[in-house]
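As provided, upload-v5.pdb (PDB, C-alpha atoms, pLDDT in the B column) reads as follows.
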MODEL        1
ATOM      1  CA  MET A 191      42.632  59.991  22.941  1.00 90.00           C
ATOM      2  CA  ALA A 192      45.477  59.858  20.429  1.00 91.00           C
ATOM      3  CA  THR A 193      47.099  57.181  22.610  1.00 92.00           C
ATOM      4  CA  PHE A 194      43.903  55.130  22.610  1.00 93.00           C
ATOM      5  CA  ALA A 195      43.713  55.527  18.822  1.00 95.00           C
ATOM      6  CA  ASP A 196      47.291  54.335  18.422  1.00 96.00           C
ATOM      7  CA  ASP A 197      46.570  51.375  20.723  1.00 96.00           C
ATOM      8  CA  LEU A 198      43.653  50.409  18.485  1.00 97.00           C
ATOM      9  CA  ALA A 199      45.862  50.730  15.390  1.00 96.00           C
ATOM     10  CA  ALA A 200      48.444  48.439  17.003  1.00 97.00           C
ATOM     11  CA  LEU A 201      45.767  45.891  17.901  1.00 97.00           C
ATOM     12  CA  LEU A 202      44.420  45.850  14.346  1.00 96.00           C
ATOM     13  CA  GLU A 203      47.918  45.442  12.956  1.00 95.00           C
ATOM     14  CA  MET A 204      48.656  42.573  15.322  1.00 97.00           C
ATOM     15  CA  THR A 205      45.413  40.782  14.392  1.00 96.00           C
ATOM     16  CA  GLY A 206      45.845  41.430  10.673  1.00 96.00           C
ATOM     17  CA  ILE A 207      42.619  43.417  10.298  1.00 95.00           C
ATOM     18  CA  GLU A 208      43.260  46.029   7.630  1.00 90.00           C
ATOM     19  CA  SER A 209      39.840  47.635   7.026  1.00 92.00           C
ATOM     20  CA  PRO A 210      37.667  47.336  10.115  1.00 95.00           C
ATOM     21  CA  VAL A 211      34.107  48.336  10.794  1.00 96.00           C
ATOM     22  CA  ILE A 212      34.387  49.985  14.200  1.00 97.00           C
ATOM     23  CA  CYS A 213      31.502  50.089  16.657  1.00 97.00           C
ATOM     24  CA  GLY A 214      32.111  52.216  19.735  1.00 96.00           C
ATOM     25  CA  LEU A 215      29.813  52.846  22.677  1.00 94.00           C
ATOM     26  CA  PRO A 216      30.259  56.100  24.599  1.00 90.00           C
ATOM     27  CA  MET A 217      33.981  56.128  25.363  1.00 91.00           C
ATOM     28  CA  GLY A 218      34.565  53.630  22.549  1.00 94.00           C
ATOM     29  CA  GLY A 219      32.805  56.004  20.185  1.00 95.00           C
ATOM     30  CA  VAL A 220      35.232  58.730  21.192  1.00 95.00           C
ATOM     31  CA  VAL A 221      38.179  56.410  20.486  1.00 96.00           C
ATOM     32  CA  ALA A 222      36.600  55.488  17.139  1.00 97.00           C
ATOM     33  CA  GLN A 223      36.451  59.169  16.168  1.00 97.00           C
ATOM     34  CA  ALA A 224      40.059  59.749  17.221  1.00 96.00           C
ATOM     35  CA  PHE A 225      41.218  56.641  15.338  1.00 97.00           C
ATOM     36  CA  THR A 226      39.414  57.578  12.124  1.00 97.00           C
ATOM     37  CA  VAL A 227      40.672  61.157  12.153  1.00 96.00           C
ATOM     38  CA  ARG A 228      44.202  59.868  12.801  1.00 96.00           C
ATOM     39  CA  TYR A 229      43.985  56.993  10.275  1.00 95.00           C
ATOM     40  CA  PRO A 230      41.278  58.157   7.827  1.00 93.00           C
ATOM     41  CA  ALA A 231      41.886  55.468   5.206  1.00 92.00           C
ATOM     42  CA  ARG A 232      41.543  52.528   7.612  1.00 93.00           C
ATOM     43  CA  PRO A 233      37.878  52.115   8.672  1.00 96.00           C
ATOM     44  CA  LYS A 234      35.277  50.866   6.223  1.00 95.00           C
ATOM     45  CA  ALA A 235      32.474  52.202   8.421  1.00 96.00           C
ATOM     46  CA  LEU A 236      31.737  53.551  11.883  1.00 97.00           C
ATOM     47  CA  ILE A 237      28.924  52.920  14.352  1.00 98.00           C
ATOM     48  CA  LEU A 238      28.919  55.547  17.097  1.00 98.00           C
ATOM     49  CA  ALA A 239      26.547  54.782  19.970  1.00 96.00           C
ATOM     50  CA  SER A 240      25.774  57.524  22.511  1.00 92.00           C
ATOM     51  CA  ALA A 241      29.118  58.991  21.511  1.00 93.00           C
ATOM     52  CA  PRO A 242      30.072  62.529  22.545  1.00 93.00           C
ATOM     53  CA  VAL A 243      32.187  64.763  20.327  1.00 95.00           C
ATOM     54  CA  SER A 244      33.718  66.839  23.126  1.00 93.00           C
ATOM     55  CA  ALA A 245      33.932  66.942  26.907  1.00 87.00           C
ATOM     56  CA  SER A 246      32.350  70.394  26.908  1.00 88.00           C
ATOM     57  CA  LEU A 247      29.838  70.819  24.100  1.00 88.00           C
ATOM     58  CA  THR A 248      26.770  71.565  26.259  1.00 85.00           C
ATOM     59  CA  MET A 249      26.332  73.898  29.209  1.00 85.00           C
ATOM     60  CA  SER A 250      26.004  71.022  31.692  1.00 80.00           C
ATOM     61  CA  GLU A 251      29.250  69.534  30.394  1.00 82.00           C
ATOM     62  CA  LYS A 252      31.008  72.886  30.677  1.00 85.00           C
ATOM     63  CA  LEU A 253      29.703  73.149  34.248  1.00 80.00           C
ATOM     64  CA  LEU A 254      31.060  69.685  35.045  1.00 77.00           C
ATOM     65  CA  ARG A 255      34.420  70.162  33.314  1.00 82.00           C
ATOM     66  CA  TYR A 256      35.282  73.657  34.476  1.00 83.00           C
ATOM     67  CA  VAL A 257      33.304  74.264  37.700  1.00 81.00           C
ATOM     68  CA  LEU A 258      32.074  71.154  39.540  1.00 75.00           C
ATOM     69  CA  MET A 259      34.869  68.729  38.685  1.00 75.00           C
ATOM     70  CA  PRO A 260      37.803  70.432  36.953  1.00 79.00           C
ATOM     71  CA  SER A 261      40.789  68.180  36.353  1.00 75.00           C
ATOM     72  CA  GLY A 262      42.821  69.920  39.049  1.00 80.00           C
ATOM     73  CA  ILE A 263      40.223  68.753  41.578  1.00 80.00           C
ATOM     74  CA  ALA A 264      38.874  65.509  40.117  1.00 77.00           C
ATOM     75  CA  LEU A 265      42.197  63.746  39.585  1.00 79.00           C
ATOM     76  CA  PRO A 266      43.550  64.362  43.120  1.00 85.00           C
ATOM     77  CA  VAL A 267      40.134  63.339  44.514  1.00 81.00           C
ATOM     78  CA  ILE A 268      40.285  60.025  42.616  1.00 82.00           C
ATOM     79  CA  ARG A 269      43.711  59.343  44.099  1.00 84.00           C
ATOM     80  CA  ARG A 270      42.497  60.192  47.583  1.00 86.00           C
ATOM     81  CA  VAL A 271      39.072  58.542  47.793  1.00 84.00           C
ATOM     82  CA  GLY A 272      39.659  55.552  45.501  1.00 84.00           C
ATOM     83  CA  VAL A 273      37.671  53.939  42.710  1.00 83.00           C
ATOM     84  CA  LYS A 274      34.646  52.791  44.707  1.00 85.00           C
ATOM     85  CA  ARG A 275      33.676  56.107  46.276  1.00 87.00           C
ATOM     86  CA  PHE A 276      34.518  58.189  43.219  1.00 84.00           C
ATOM     87  CA  THR A 277      32.589  55.913  40.835  1.00 84.00           C
ATOM     88  CA  ARG A 278      29.452  56.049  42.953  1.00 85.00           C
ATOM     89  CA  PHE A 279      29.757  59.815  43.337  1.00 83.00           C
ATOM     90  CA  SER A 280      30.249  60.339  39.576  1.00 79.00           C
ATOM     91  CA  LEU A 281      27.213  58.184  38.755  1.00 81.00           C
ATOM     92  CA  TRP A 282      25.149  60.118  41.298  1.00 83.00           C
ATOM     93  CA  LEU A 283      26.295  63.418  39.796  1.00 76.00           C
ATOM     94  CA  ALA A 284      25.587  62.220  36.239  1.00 76.00           C
ATOM     95  CA  ARG A 285      21.995  61.387  37.187  1.00 76.00           C
ATOM     96  CA  ARG A 286      21.577  64.866  38.650  1.00 76.00           C
ATOM     97  CA  LEU A 287      22.949  66.512  35.503  1.00 72.00           C
ATOM     98  CA  TRP A 288      21.396  64.291  32.830  1.00 71.00           C
ATOM     99  CA  GLY A 289      18.312  62.856  34.534  1.00 71.00           C
ATOM    100  CA  ARG A 290      17.452  59.827  36.638  1.00 71.00           C
ATOM    101  CA  GLN A 291      16.770  57.774  33.506  1.00 72.00           C
ATOM    102  CA  TRP A 292      20.261  58.434  32.116  1.00 72.00           C
ATOM    103  CA  LEU A 293      21.174  54.763  32.624  1.00 74.00           C
ATOM    104  CA  GLY A 294      17.643  53.547  32.065  1.00 73.00           C
ATOM    105  CA  GLY A 295      15.027  52.177  34.401  1.00 75.00           C
ATOM    106  CA  ARG A 296      16.355  48.665  34.938  1.00 84.00           C
ATOM    107  CA  GLN A 297      18.136  48.246  38.238  1.00 85.00           C
ATOM    108  CA  ASP A 298      20.027  45.138  37.082  1.00 89.00           C
ATOM    109  CA  ILE A 299      21.599  47.048  34.170  1.00 87.00           C
ATOM    110  CA  GLN A 300      22.564  49.971  36.391  1.00 83.00           C
ATOM    111  CA  GLN A 301      24.181  47.592  38.864  1.00 87.00           C
ATOM    112  CA  PHE A 302      26.035  45.762  36.071  1.00 89.00           C
ATOM    113  CA  ILE A 303      27.500  49.018  34.723  1.00 85.00           C
ATOM    114  CA  GLU A 304      28.506  50.135  38.202  1.00 85.00           C
ATOM    115  CA  GLN A 305      30.203  46.798  38.902  1.00 89.00           C
ATOM    116  CA  CYS A 306      32.135  47.010  35.628  1.00 87.00           C
ATOM    117  CA  MET A 307      33.379  50.465  36.584  1.00 85.00           C
ATOM    118  CA  LEU A 308      34.315  49.325  40.080  1.00 86.00           C
ATOM    119  CA  GLN A 309      36.618  46.657  38.641  1.00 89.00           C
ATOM    120  CA  MET A 310      39.023  49.317  37.364  1.00 86.00           C
ATOM    121  CA  GLU A 311      42.184  49.996  39.297  1.00 87.00           C
ATOM    122  CA  SER A 312      42.782  53.556  40.439  1.00 85.00           C
ATOM    123  CA  SER A 313      45.605  54.052  37.918  1.00 86.00           C
ATOM    124  CA  GLU A 314      43.327  53.013  35.039  1.00 86.00           C
ATOM    125  CA  LEU A 315      40.498  55.274  36.213  1.00 84.00           C
ATOM    126  CA  LEU A 316      42.953  58.175  36.294  1.00 85.00           C
ATOM    127  CA  LYS A 317      43.966  57.468  32.684  1.00 87.00           C
ATOM    128  CA  LEU A 318      40.312  57.407  31.674  1.00 84.00           C
ATOM    129  CA  TRP A 319      39.478  60.710  33.333  1.00 82.00           C
ATOM    130  CA  GLU A 320      42.610  62.389  31.999  1.00 85.00           C
ATOM    131  CA  ALA A 321      41.593  61.336  28.484  1.00 87.00           C
ATOM    132  CA  ILE A 322      38.040  62.573  28.998  1.00 83.00           C
ATOM    133  CA  TYR A 323      39.144  65.944  30.330  1.00 81.00           C
ATOM    134  CA  SER A 324      41.484  66.491  27.392  1.00 85.00           C
ATOM    135  CA  PHE A 325      38.882  65.547  24.758  1.00 90.00           C
ATOM    136  CA  ASP A 326      37.901  68.431  22.512  1.00 92.00           C
ATOM    137  CA  LEU A 327      36.128  68.515  19.181  1.00 93.00           C
ATOM    138  CA  LEU A 328      38.088  66.776  16.420  1.00 95.00           C
ATOM    139  CA  PRO A 329      38.059  67.667  12.698  1.00 96.00           C
ATOM    140  CA  LEU A 330      35.246  65.230  12.002  1.00 96.00           C
ATOM    141  CA  GLU A 331      34.900  66.588   8.465  1.00 96.00           C
ATOM    142  CA  GLN A 332      37.887  64.382   7.637  1.00 94.00           C
ATOM    143  CA  ILE A 333      35.817  61.236   8.262  1.00 96.00           C
ATOM    144  CA  THR A 334      34.589  60.044   4.869  1.00 94.00           C
ATOM    145  CA  CYS A 335      33.455  56.467   5.588  1.00 96.00           C
ATOM    146  CA  PRO A 336      29.746  55.613   6.130  1.00 96.00           C
ATOM    147  CA  THR A 337      28.787  56.428   9.718  1.00 97.00           C
ATOM    148  CA  LEU A 338      25.781  55.381  11.779  1.00 98.00           C
ATOM    149  CA  VAL A 339      24.940  57.254  14.986  1.00 98.00           C
ATOM    150  CA  LEU A 340      22.743  55.413  17.483  1.00 97.00           C
ATOM    151  CA  ASN A 341      20.951  56.832  20.510  1.00 95.00           C
ATOM    152  CA  GLY A 342      18.430  55.391  22.898  1.00 94.00           C
ATOM    153  CA  GLU A 343      14.877  56.676  22.767  1.00 92.00           C
ATOM    154  CA  HIS A 344      15.269  58.106  26.273  1.00 88.00           C
ATOM    155  CA  GLU A 345      18.793  59.487  25.906  1.00 87.00           C
ATOM    156  CA  SER A 346      19.479  62.901  27.440  1.00 84.00           C
ATOM    157  CA  LYS A 347      18.900  66.062  25.398  1.00 84.00           C
ATOM    158  CA  GLY A 348      22.591  66.874  25.768  1.00 84.00           C
ATOM    159  CA  ALA A 349      23.576  63.651  24.025  1.00 86.00           C
ATOM    160  CA  LEU A 350      21.320  64.545  21.115  1.00 89.00           C
ATOM    161  CA  ARG A 351      23.264  67.798  20.731  1.00 92.00           C
ATOM    162  CA  HIS A 352      26.374  65.680  20.173  1.00 94.00           C
ATOM    163  CA  THR A 353      24.568  63.627  17.554  1.00 95.00           C
ATOM    164  CA  ALA A 354      23.504  66.792  15.735  1.00 95.00           C
ATOM    165  CA  GLU A 355      27.134  67.931  15.677  1.00 96.00           C
ATOM    166  CA  ILE A 356      28.247  64.584  14.208  1.00 96.00           C
ATOM    167  CA  LEU A 357      25.568  64.757  11.506  1.00 97.00           C
ATOM    168  CA  ARG A 358      26.559  68.322  10.697  1.00 96.00           C
ATOM    169  CA  ARG A 359      30.245  67.529  10.340  1.00 96.00           C
ATOM    170  CA  ILE A 360      30.567  63.977   8.959  1.00 96.00           C
ATOM    171  CA  PRO A 361      29.458  63.924   5.311  1.00 92.00           C
ATOM    172  CA  HIS A 362      28.110  60.356   5.179  1.00 91.00           C
ATOM    173  CA  ALA A 363      26.532  60.101   8.622  1.00 96.00           C
ATOM    174  CA  ARG A 364      22.985  59.197   9.537  1.00 97.00           C
ATOM    175  CA  ALA A 365      21.214  58.629  12.848  1.00 97.00           C
ATOM    176  CA  GLU A 366      18.784  56.045  14.186  1.00 97.00           C
ATOM    177  CA  VAL A 367      16.981  55.576  17.510  1.00 97.00           C
ATOM    178  CA  VAL A 368      16.951  52.385  19.594  1.00 96.00           C
ATOM    179  CA  LEU A 369      13.427  52.141  20.986  1.00 95.00           C
ATOM    180  CA  GLY A 370      13.078  51.715  24.717  1.00 91.00           C
ATOM    181  CA  GLY A 371      16.738  52.482  25.319  1.00 90.00           C
ATOM    182  CA  SER A 372      18.649  55.200  27.104  1.00 89.00           C
ATOM    183  CA  HIS A 373      22.418  55.602  27.483  1.00 89.00           C
ATOM    184  CA  ALA A 374      22.824  51.822  27.882  1.00 90.00           C
ATOM    185  CA  MET A 375      20.656  51.051  24.848  1.00 93.00           C
ATOM    186  CA  ASN A 376      22.666  47.982  23.790  1.00 94.00           C
ATOM    187  CA  LEU A 377      21.854  46.326  27.135  1.00 94.00           C
ATOM    188  CA  GLU A 378      18.259  47.520  27.387  1.00 93.00           C
ATOM    189  CA  ASN A 379      17.276  46.563  23.833  1.00 95.00           C
ATOM    190  CA  PRO A 380      20.045  44.411  22.311  1.00 96.00           C
ATOM    191  CA  GLU A 381      17.755  43.087  19.572  1.00 97.00           C
ATOM    192  CA  GLY A 382      16.866  46.586  18.414  1.00 97.00           C
ATOM    193  CA  PHE A 383      20.466  47.739  18.630  1.00 97.00           C
ATOM    194  CA  ASN A 384      21.750  44.777  16.623  1.00 97.00           C
ATOM    195  CA  ARG A 385      18.995  45.095  14.014  1.00 97.00           C
ATOM    196  CA  LEU A 386      19.861  48.724  13.278  1.00 98.00           C
ATOM    197  CA  ALA A 387      23.579  47.921  13.132  1.00 97.00           C
ATOM    198  CA  GLU A 388      23.004  44.983  10.755  1.00 96.00           C
ATOM    199  CA  GLU A 389      20.701  47.031   8.513  1.00 96.00           C
ATOM    200  CA  PHE A 390      23.378  49.702   8.301  1.00 97.00           C
ATOM    201  CA  LEU A 391      26.056  47.175   7.392  1.00 95.00           C
ATOM    202  CA  ARG A 392      23.832  45.628   4.724  1.00 94.00           C
ATOM    203  CA  SER A 393      23.218  49.071   3.254  1.00 93.00           C
ATOM    204  CA  CYS A 394      26.994  49.432   3.002  1.00 88.00           C
ATOM    205  CA  CYS A 395      27.141  46.013   1.244  1.00 74.00           C
ATOM    206  CA  PHE A 396      29.350  44.561   4.001  1.00 66.00           C
ATOM    207  CA  CYS A 397      27.043  41.648   4.837  1.00 59.00           C
TER     208      CYS A 397
ENDMDL
END
Can you turn what I pasted into structure tokens?
Amino acid sequence: MATFADDLAALLEMTGIESPVICGLPMGGVVAQAFTVRYPARPKALILASAPVSASLTMSEKLLRYVLMPSGIALPVIRRVGVKRFTRFSLWLARRLWGRQWLGGRQDIQQFIEQCMLQMESSELLKLWEAIYSFDLLPLEQITCPTLVLNGEHESKGALRHTAEILRRIPHARAEVVLGGSHAMNLENPEGFNRLAEEFLRSCCFC
């Protein structure tokens, strides 16, 4: 995650953006946390959507990380079976662990997310999983900028545990719920997602 954070810092430097507002959805929210802990003076505000704080905060995540798919098994399996089969297996497993509505009830959205994942090359998927497996709780108390945490109305109970941890640790954090949404809330209810983000930014006097 530190590498992803440094990549984001390099991108911002190249584009001349000194004080960004960073909005990250699941994995992007993890990168946003890592970036802000690593460069605490840079962000003006954070929006963390369905963002976990660790790869093993809940019991189901511990089961996945250490028993069902430990890195010593998952990474060789990715190399052997390829992106297509591993992606479909991981989505199947996620629904079993976090509920059938984890990616919502709309088939078109589920298919879109799956197709996006299937576009990754095997080497990129390996990088992603290696980063996920190494992700442990960061010193979020160091984040001092205004922070909005968003979750879908039908998000898993495990994800809400992560939100509670963010609210407990980040001094200026607050949470809102996107009605009708689940893990893919920005696709299921983009108007509601955008409205909450814009209201947050206005409250910070950024727009």
Open item on the list: So that I can see what lies close to A:Leu198, please list as a list in words the residues with an atom at most 9 Å from it, counting all atoms listed in the file and leaving out residues fewer than 3 positions away in the same chain.
Closed with: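 Residues meeting the cut-off are Thr193, Phe194, Ala195, Leu201, Leu202, Glu203, Val221, Ala222 and Phe225 of chain A.
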TODO: Determine the residue set returned by the PyMOL selection byres ((chain A and resi 232-242) around 9) for the present structure, and present it as a ChimeraX atom specification.
DONE: /A:208-220,222-223,225-226,229-231,243-245,247,334-342,345,349-353,356,363,372-376,387,390-391,394,396
TODO: May I ask for the distance between atom CA of A:Glu320 and atom CA of A:Ile263, given in Å to one decimal place?
DONE: 11.7 Å
Open item on the list: For a test of reading the model, state the distance in Å between atom CA of A:Leu315 and atom CA of A:Val273, rounded to one decimal.
Closed with: 7.2 Å
Open item on the list: Under the rule that all atoms listed in the file are counted, which of A:Ser250, A:Ser393, A:Ser261, A:Asn384 is the nearest residue to A:Lys317?
Closed with: A:Ser261
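Atom to atom, atom CA of A:Phe302 and atom CA of A:Leu253 stand 27.7 Å apart.
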